[in-house]
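Report on the structure given below.
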Amino acid sequence: MAEAAEFQGTRSAPACRWFRHTATLLLGVLLVLGLVQLPTAPAAHADNGGSRTVGVAVDSMTPVAPKQGDTLTISGTVTNHGKSTIFGAHVALRVGPQISGRSDIDDLGQRTGYSPGTDGNEVGGNHRQKIDKLLPGVSRDFTLSVPAKDLDLGRDGVYQLGVSLSGQSKDQPYERVLGIQRTVLPWQPSATEGKKTQVTFMWPLISATRLTARTESDQQQTPIFPNDDLAAELAPGGRLYQLVTLGKSLPITWVIDPDLLATVEAMTKNYEIDAPEGKSTPGKGQAVAKQWLNQLQGAVAGHQVVALPFGDPDLASLAHRGKDVSGILSHLQSATELASTTVETILGVKPRTDFAWPVDGAVDTSIVDVATSAGAHNVIARSDSLRDPAGTPYTPSAARQIGSGNTAVVADARLSTVFQGDMLRAHDASLAVQRFLAQSLLINKQAPDDERSIVVAPQRMPTTSQAQAMATAIGALSDGRWTQPRDLGDAAKAKPDASANQQVPGPGSYPGSLRSQELTTEAFQEIQRTQNALDSFKVILTSQDRVVTPFGSAIMREMSTSWRGDRRGAADFRNAVQSYLAQLTRTVNLISKSDMTLSGRSATIPVSVHNGLLQRIDGLNLVLKSSQPNRLKVDESQDVKIEGGRSQTVKFETRANANGPVQVTAQLYTDDGEPYGDPVKFTVHVTSITPMVLLVIAGGVLLLVLAGLRIYLQRRKRSAARGAEGDGPDGDAGDTGDSGPDDGRPEQPGDPDPDTGSQNSDPSGSGEKVDR
C-alpha cells in the first residue's frame with residue numbers, strides 16, 4: 001500500500017501543478033470578465049466609481065501663480081451626482097507630485113477618480129471647509145484659503161494640485177474620497193536665475209464677413225448691411241469691445257483684419273439694414289462704432305500692428321483649390337496692398353503686412369508658396385503642423401528658415417490651443433489659465449540657460465470668455481519672473497535653433513478635417529466670373545470708384561477664412577454679389593423696340609439707350625445688324641455717351657433694295673469689342689417702291705404739268721384777243737360792256753377760259769421735258 005501510495009503521489013505531482021496552473025488561469029479569466037470579485041478593505045478609498053460621486057469644480061484660483069508670502073485662495077462648487085445623501089463631508093486641498101514634462105499636463109486632464117498614490121495627502125492645519133448634509137443633486141459653494149508656505153512646496157516648478165471632497169453615506173458609513181478636481185500650480189516665487197523665455201502673444205481682431213457690395217442708389221452710396229449683429233459685438237460687453245478693452249493694457253501684438261476696420265468705419269456714417277421685399281431700415285450702430293474705433297486707436301498706440309490681407313483670405317483654400325483658376329491669385333496681392341492703406345487711414349499707424357496666417361497654423365509647401373507670393377515672407381505655422389524631430393529635449397524658438405528668404409514662425413501648439421473650447425464655465429477658464437502658466441514655466445525649465453522665443457497664436461475669433469481667460473493668463477506673466485514679452489516682428493528675426501525642424505511638409509500632410517472645410521474650386525470659378533463681369537462693366541463708367549471699390553472689396557470677402565465650415569453662407573454671399581452686379585449692369589440697357597415699317601428706298605431707324613446709373617457712361621458703341629443686308633443695309637456703329645439717369649436715341653440711316661420683312665439686331669459693345677448687355681431684336685417691314693412704279697408716277701406728274709401749261713397758254717391767248725377787239729379809234733381800250741362771258745355776269749377769277757376752237761386743239765410739243 002505504501003509503495004502504491006508513494007507511486008501515486010509521485011505520479012500525481014505533475015497533475016497537481018497542471019491543476020493549479022489551470023485554476024489560476026481560469027481565475028484570471030473570471031476576474032477579467034468580472035465574474036469574480038476579490039474582497040477589498042473599505043480603507044483603500046480607491047473606488048473610482050465612488051470617487052466620482054461628487055463633482056468638484058474649481059472656479060477660481062488667486063493668485064494664479066503665487067509667490068512666497070502669498071495666500072492661495074481657491075473657490076468653487078461641489079455637486080452630489082449620486083443617489084444617496086452625503087454627510088460628514090469636507091473639502092480639502094491636496095498637493096501632488098511635481099510635474100516634470102509638458103505632456104504630463106496633458107495626461108493629467110485624462111485622469112478621473114481619486115488615486116491615492118498620486119493625488120497626495122490633504123494639506124494639514126485648519127484648511128478644510130466642512131460641508132453640510134449634501135442631498136442628491138444639490139450643490140454647495142466652497143472657498144479654501146491656504147498660505148503658500150503651508151503647501152510645503154519644494155523646488156521651483158509645476159505641481160499637481162487637487163481639490164477633493166471626502167465624506168460618507170448611509171450605505172457606506174466610512175469616510176472616503178467622493179470627488180476630486182485636479183489642476184496645476186506653477187511655483188516660481190522669484191525671478192528665474194537663468195534666461196527668461198521671450199513670449200509673443202498674438203491678439204487677433206477679426207470678425208465674420210458683414211458687408212456686401214450693396215448700397216443705396218444715392219450720391220453717398222449708403223451701405224446696406226444684411227443685419228445689425230456687428231453693433232452688438234462693438235457695444236459694451238460685446239466680443240469685439242472686450243477684445244479692445246482687455247488688449248489695450250496687455251503686452252501683445254495686434255493682428256487685425258482690415259476688413260473689420262473698413263466695415264466699422266462704414267457704420268460710423270448712415271447705413272441701412274436689409275429687410276424683406278427689398279426694403280431697408282436705418283442702422284442704429286453709429287455711436288458704438290465711433291466709440292469702438294476711438295478706443296482701438298488708443299489701444300494700438302505703442303504696440304506692433306500686423307495687418308492680414310484685406311478680408312483675411314483663406315490661404316489654404318487658395319493653395320489647394322484656387323490657384324489653378326486663372327486670375328485668382330491676383331486678388332491676394334490686391335488684398336495685401338489694400339490692407340496697409342486701410343489700417344493706416346483708419347487707425348493712423350503703419351502696420352506690418354509681411355505676415356501670413358493660414359488656418360490653425362497648418363502649412364504645407366503649396367500654402368507657403370501662395371502665402372509668400374504676395375510679399376508675406378513670414379508664415380505663421382504651428383508646432384503640430386511643422387513638427388520637430390522626436391526626442392527634441394526642449395521647445396525650440398519659433399523662427400525657422402525655410403528657404404528663399406522666407407521664415408516660418410512656428411507657434412507653440414499647446415499654448416495656442418489651451419483656450420479653445422467653451423470657457424463660459426468658470427472652472428474651464430480657471431483650468432485653462434493654470435495650464436497656460438504651467439506650460440510656459442516648463443518651457444523655461446527645459447533649457448534655462450538658453451534664451452528662446454515662443455509665439456502663441458490662439459484661435460482666430462476668441463469669444464468673450466476666451467478673451468478674458470487669455471487676458472488673465474497674460475497678465476499673470478507681467479511680473480516677468482520667467483518670461484518677457486516680445487513683438488511678433490522681433491520673434492520672426494530671432495536666431496533659429498539648430499535642432500529645430502526647418503522642412504515644410506508636403507501637401508499630403510494637410511489635415512483632412514481642415515481640407516473638408518475649404519472653399520471649392522467651383523467657388524473660385526464663380527469669384528473670377530464676378531471679377532470678369534466687373535472688368536467689363538467698369539470700362540463704360542466715368543466714375544469707376546463708385547462701383548469698383550465696393551465690388552472689389554466684396555470679391556475679397558468672398559475668399560475669407562470666416563467661410564470655413566459654412567459653404568451655404570459662402571455661396572449665398574457670392575450669389576448676392578453677382579446678382580447685385582448684374583442688376584447694376586442691366587441699368588444701362590437698350591430700350592425694347594417694336595416692329596416697324598420702312599417705306600421708300602431710304603429711312604431712319606431710331607434706337608434708344610437708357611442709363612439708370614447716377615454717373616455718366618462712356619465707351620459704348622451701338623451696332624445695328626441686318627439679317628439680310630441685300631434687302632436692308634444699315635449704316636456703321638455709333639458711339640454712345642449718356643448722362644446719369646437719362647436716355648439717348650441713336651438714329652441709323654438705312655437703304656432698302658427689296659421688299660419684305662428683315663430682322664434687325666441692336667447690340668451694345670464696349671470699346672474693346674466685347675458685347676454689353678442683352679441685344680434687342682425687331683423686324684423691319686420693307687415696302688420699297690420699284691423702278692417701274694417710279695416711271696409711271698413720273699409720267700403722271702409730267703402729264704399734270706403739261707396740262708397746267710396748256711391751260712395757262714390758252715388764257716394768255718384769249719386775253720390778247722379780247723384786248724385787240726376792244727381798241728377804240730383813238731387806240732384806247734374801250735369799255736364795250738361785253739368783256740364778260742355770254743351769260744352777262746362779270747368774269748370771275750378761276751373761271752375757265754372760253755373754248756377757242758382750233759387754237760387750243762394742238763397738243764403740247766413733243767420736245768418738252770419736266771425735271772422733278
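If you're wondering about the labels, chains in the C-alpha cells are A, B, ... by order shown, residues count from 1 in each chain, ligands from 1 in order shown.
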Interface rows for stretch 151-236 of chain A against stretch 455-469 of chain A: nearest pair, Å to one decimal, 9 Å, only C-alpha atoms, as JSON lines:
```
{"residue": "A:Gln198", "atom": "CA", "partner": "A:Val455", "partner_atom": "CA", "distance": 8.4}
{"residue": "A:Val199", "atom": "CA", "partner": "A:Val455", "partner_atom": "CA", "distance": 5.8}
{"residue": "A:Thr200", "atom": "CA", "partner": "A:Val455", "partner_atom": "CA", "distance": 4.6}
{"residue": "A:Phe201", "atom": "CA", "partner": "A:Val456", "partner_atom": "CA", "distance": 4.8}
{"residue": "A:Met202", "atom": "CA", "partner": "A:Ala457", "partner_atom": "CA", "distance": 5.4}
{"residue": "A:Trp203", "atom": "CA", "partner": "A:Pro458", "partner_atom": "CA", "distance": 7.8}
{"residue": "A:Pro204", "atom": "CA", "partner": "A:Arg460", "partner_atom": "CA", "distance": 6.0}
{"residue": "A:Leu205", "atom": "CA", "partner": "A:Met461", "partner_atom": "CA", "distance": 7.2}
{"residue": "A:Ile206", "atom": "CA", "partner": "A:Met461", "partner_atom": "CA", "distance": 5.9}
{"residue": "A:Ser207", "atom": "CA", "partner": "A:Met461", "partner_atom": "CA", "distance": 6.6}
{"residue": "A:Ala208", "atom": "CA", "partner": "A:Met461", "partner_atom": "CA", "distance": 8.6}
```
Could you give me, as JSON, numbers by chain, each residue of stretch 153-283 of chain A that DSSP assigns to helix (DSSP H, G or I) when run on this structure's backbone? {"A": [229, 230, 231, 232, 233, 234, 239, 240, 241, 242, 243, 244, 245, 246, 247, 258, 259, 260, 261, 262, 263, 264, 265, 266, 267, 276, 277, 278]}
Write out, as a short mmCIF file (atom, residue, chain, number, x, y, z; two decimals), in the first residue's frame, the residues just selected, with C-alpha atoms.
```cif
data_model
loop_
_atom_site.label_atom_id
_atom_site.label_comp_id
_atom_site.auth_asym_id
_atom_site.auth_seq_id
_atom_site.Cartn_x
_atom_site.Cartn_y
_atom_site.Cartn_z
CA ASP A 229 -25.30 91.99 -35.46
CA LEU A 230 -21.93 93.72 -35.57
CA ALA A 231 -23.28 96.60 -33.47
CA ALA A 232 -23.86 94.17 -30.60
CA GLU A 233 -20.24 92.99 -30.77
CA LEU A 234 -18.99 96.57 -30.68
CA ARG A 239 -16.94 90.36 -28.05
CA LEU A 240 -15.02 92.98 -30.03
CA TYR A 241 -15.50 95.54 -27.27
CA GLN A 242 -13.94 93.13 -24.77
CA LEU A 243 -11.01 92.35 -27.06
CA VAL A 244 -10.12 96.03 -27.33
CA THR A 245 -10.74 96.79 -23.66
CA LEU A 246 -8.66 93.84 -22.47
CA GLY A 247 -5.94 94.16 -25.08
CA PRO A 258 -8.55 95.47 -42.20
CA ASP A 259 -11.99 94.47 -43.49
CA LEU A 260 -13.29 94.75 -39.93
CA LEU A 261 -11.96 98.30 -39.70
CA ALA A 262 -13.50 99.27 -43.04
CA THR A 263 -16.84 97.77 -42.03
CA VAL A 264 -16.93 99.55 -38.68
CA GLU A 265 -15.86 102.79 -40.33
CA ALA A 266 -18.82 102.46 -42.71
CA MET A 267 -21.09 102.12 -39.67
CA PRO A 276 -37.72 91.66 -46.74
CA GLU A 277 -39.14 92.70 -50.11
CA GLY A 278 -36.17 94.91 -50.92
#
```
Just list the residues in stretch 243-360 of chain A DSSP gives strand (DSSP E) on the backbone, as a PDB file with C-alpha atoms, in the first residue's frame.
```
ATOM      1  CA  THR A 253       0.905  92.085 -30.907  1.00  0.00           C
ATOM      2  CA  TRP A 254      -2.341  93.146 -32.565  1.00  0.00           C
ATOM      3  CA  VAL A 255      -3.289  91.015 -35.568  1.00  0.00           C
ATOM      4  CA  ILE A 256      -6.091  92.783 -37.447  1.00  0.00           C
ATOM      5  CA  GLU A 272     -29.117 100.687 -43.793  1.00  0.00           C
ATOM      6  CA  ILE A 273     -30.181  97.204 -42.693  1.00  0.00           C
ATOM      7  CA  ASP A 274     -31.668  94.923 -45.323  1.00  0.00           C
ATOM      8  CA  SER A 280     -34.369  98.603 -45.656  1.00  0.00           C
ATOM      9  CA  THR A 281     -34.341 100.239 -42.252  1.00  0.00           C
ATOM     10  CA  PRO A 282     -31.777 102.636 -40.762  1.00  0.00           C
ATOM     11  CA  VAL A 305       0.134  96.007 -35.505  1.00  0.00           C
ATOM     12  CA  VAL A 306       0.118  93.217 -38.061  1.00  0.00           C
ATOM     13  CA  ALA A 307      -2.430  93.600 -40.856  1.00  0.00           C
ATOM     14  CA  PHE A 355       2.953  88.065 -42.172  1.00  0.00           C
ATOM     15  CA  ALA A 356       0.625  85.349 -43.428  1.00  0.00           C
TER      16      ALA A 356
END
```
Can you pull out every residue within 12 Å of A:Arg155, counting only C-alpha atoms, but drop anything in the same chain fewer than 5 positions away, and send it as a JSON list (two decimals) with N, CA and C atoms, in the first residue's frame?
```json
[["chain", "number", "residue", "atom", "x", "y", "z"],
["A", 97, "PRO", "N", 2.57, 65.33, -6.73],
["A", 97, "PRO", "CA", 4.00, 65.41, -7.07],
["A", 97, "PRO", "C", 4.28, 66.51, -8.07],
["A", 98, "GLN", "N", 5.54, 66.85, -8.19],
["A", 98, "GLN", "CA", 5.96, 67.84, -9.18],
["A", 98, "GLN", "C", 5.88, 67.22, -10.58],
["A", 99, "ILE", "N", 5.42, 68.03, -11.52],
["A", 99, "ILE", "CA", 5.26, 67.57, -12.91],
["A", 99, "ILE", "C", 6.54, 67.89, -13.66],
["A", 100, "SER", "N", 7.07, 66.90, -14.30],
["A", 100, "SER", "CA", 8.39, 67.08, -14.93],
["A", 100, "SER", "C", 8.32, 67.39, -16.41],
["A", 186, "PRO", "N", 1.85, 76.60, -11.00],
["A", 186, "PRO", "CA", 3.24, 76.98, -11.28],
["A", 186, "PRO", "C", 3.86, 77.63, -10.04],
["A", 187, "TRP", "N", 5.05, 77.19, -9.70],
["A", 187, "TRP", "CA", 5.69, 77.69, -8.49],
["A", 187, "TRP", "C", 7.06, 78.24, -8.85],
["A", 188, "GLN", "N", 7.12, 79.58, -8.88],
["A", 188, "GLN", "CA", 8.37, 80.29, -9.15],
["A", 188, "GLN", "C", 8.31, 81.54, -8.30],
["A", 189, "PRO", "N", 8.66, 81.41, -7.02],
["A", 189, "PRO", "CA", 8.47, 82.53, -6.09],
["A", 189, "PRO", "C", 9.20, 83.80, -6.49],
["A", 190, "SER", "N", 10.35, 83.67, -7.15],
["A", 190, "SER", "CA", 11.13, 84.84, -7.53],
["A", 190, "SER", "C", 11.60, 84.66, -8.97],
["A", 192, "THR", "N", 13.60, 83.91, -12.25],
["A", 192, "THR", "CA", 14.48, 82.79, -12.58],
["A", 192, "THR", "C", 15.93, 83.23, -12.60],
["A", 445, "LYS", "N", 11.99, 75.92, -17.91],
["A", 445, "LYS", "CA", 12.79, 74.98, -17.13],
["A", 445, "LYS", "C", 13.50, 73.95, -18.01]]
```
If we count only C-alpha atoms and set the cut-off at 10 Å, which residues sit around A:Gln172, ignoring sequence neighbours fewer than 3 positions away in its own chain? Please answer as a ChimeraX atom specification. /A:42,50,84,86,167-169,175-176
Generate a file of the selected residues that holds C-alpha atoms, formatted as an mmCIF file, in the first residue's frame.
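Output saved as again-v4.cif:
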```
data_model
loop_
_atom_site.group_PDB
_atom_site.id
_atom_site.type_symbol
_atom_site.label_atom_id
_atom_site.label_comp_id
_atom_site.auth_asym_id
_atom_site.auth_seq_id
_atom_site.Cartn_x
_atom_site.Cartn_y
_atom_site.Cartn_z
ATOM 1 C CA PRO A 42 -13.024 49.819 2.976
ATOM 2 C CA GLY A 50 -17.256 56.164 -5.608
ATOM 3 C CA SER A 84 -27.554 58.861 -1.559
ATOM 4 C CA ILE A 86 -23.670 62.561 1.853
ATOM 5 C CA GLY A 167 -17.451 62.101 3.256
ATOM 6 C CA GLN A 168 -19.716 59.121 3.848
ATOM 7 C CA SER A 169 -23.150 57.892 3.028
ATOM 8 C CA GLU A 175 -15.045 58.376 5.205
ATOM 9 C CA ARG A 176 -13.669 58.155 1.717
#
```
Excluding A:Arg400 and any residue of its chain fewer than 4 positions from it, enumerate the residues within 10 Å of it, using only C-alpha atoms, and give them as JSON, numbers by chain. {"A": [378, 379, 386, 396, 406, 407, 408, 409, 410, 492, 493, 494, 495, 496, 497, 498, 500, 501, 502, 503, 504]}
Restricted to C-alpha atoms, what would the selected residues look like written as a compact mmCIF listing (two decimals), in the first residue's frame?
```txt
# COMPACT_ATOMS: atom_id res chain seq x y z
CA ASN A 378 6.84 85.32 -42.64
CA VAL A 379 4.36 82.46 -42.41
CA LEU A 386 5.67 71.78 -38.66
CA PRO A 396 12.84 75.38 -29.89
CA ASN A 406 11.19 83.10 -46.04
CA THR A 407 10.66 82.39 -42.35
CA ALA A 408 8.19 80.06 -40.69
CA VAL A 409 7.15 81.45 -37.31
CA VAL A 410 6.10 78.26 -35.52
CA ALA A 492 10.49 86.35 -36.58
CA LYS A 493 14.05 87.70 -36.51
CA ALA A 494 15.21 85.51 -33.61
CA LYS A 495 18.08 83.13 -34.24
CA PRO A 496 16.70 79.68 -35.14
CA ASP A 497 17.68 76.62 -33.11
CA ALA A 498 19.98 74.30 -34.99
CA ALA A 500 14.61 72.70 -34.97
CA ASN A 501 12.76 71.34 -37.99
CA GLN A 502 13.07 73.66 -40.98
CA GLN A 503 11.45 71.38 -43.56
CA VAL A 504 7.92 72.33 -44.58
```
Among the residues A:Tyr159, A:Trp563, A:Tyr676, A:Phe419, the one that comes closest to A:Glu518 [using only C-alpha atoms]: A:Trp563
Sorted by chain and rising residue number, which residues of stretch 278-318 of chain A lie within 12 Å of stretch 548-561 of chain A, and what are their closest atom pairs and distances in Å to one decimal, counting only C-alpha atoms, as a Markdown table?
```
| residue | atom | partner | partner_atom | distance |
| --- | --- | --- | --- | --- |
| A:Leu308 | CA | A:Ser560 | CA | 11.1 |
| A:Pro309 | CA | A:Met556 | CA | 9.1 |
| A:Phe310 | CA | A:Met556 | CA | 6.9 |
| A:Gly311 | CA | A:Arg557 | CA | 4.9 |
| A:Asp312 | CA | A:Ser560 | CA | 5.2 |
| A:Pro313 | CA | A:Ser560 | CA | 4.2 |
| A:Asp314 | CA | A:Thr561 | CA | 4.4 |
| A:Leu315 | CA | A:Thr561 | CA | 8.0 |
| A:Ala316 | CA | A:Thr561 | CA | 9.1 |
| A:Ser317 | CA | A:Met559 | CA | 8.4 |
| A:Leu318 | CA | A:Met559 | CA | 8.2 |
```
Please write the residues from the selection above to a file, keeping C-alpha atoms, as a PDB file, in the first residue's frame.
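Final output, saved to result_25.pdb:
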```pdb
ATOM      1  CA  LEU A 308      -3.663  90.465 -42.560  1.00  0.00           C
ATOM      2  CA  PRO A 309      -4.642  90.777 -46.238  1.00  0.00           C
ATOM      3  CA  PHE A 310      -7.997  92.545 -46.585  1.00  0.00           C
ATOM      4  CA  GLY A 311     -10.827  90.126 -45.837  1.00  0.00           C
ATOM      5  CA  ASP A 312      -8.461  87.553 -44.270  1.00  0.00           C
ATOM      6  CA  PRO A 313      -8.365  85.299 -47.364  1.00  0.00           C
ATOM      7  CA  ASP A 314      -8.201  81.548 -46.832  1.00  0.00           C
ATOM      8  CA  LEU A 315      -4.632  80.788 -47.896  1.00  0.00           C
ATOM      9  CA  ALA A 316      -5.053  77.019 -47.764  1.00  0.00           C
ATOM     10  CA  SER A 317      -8.154  77.140 -49.968  1.00  0.00           C
ATOM     11  CA  LEU A 318      -6.297  79.357 -52.416  1.00  0.00           C
TER      12      LEU A 318
END
```
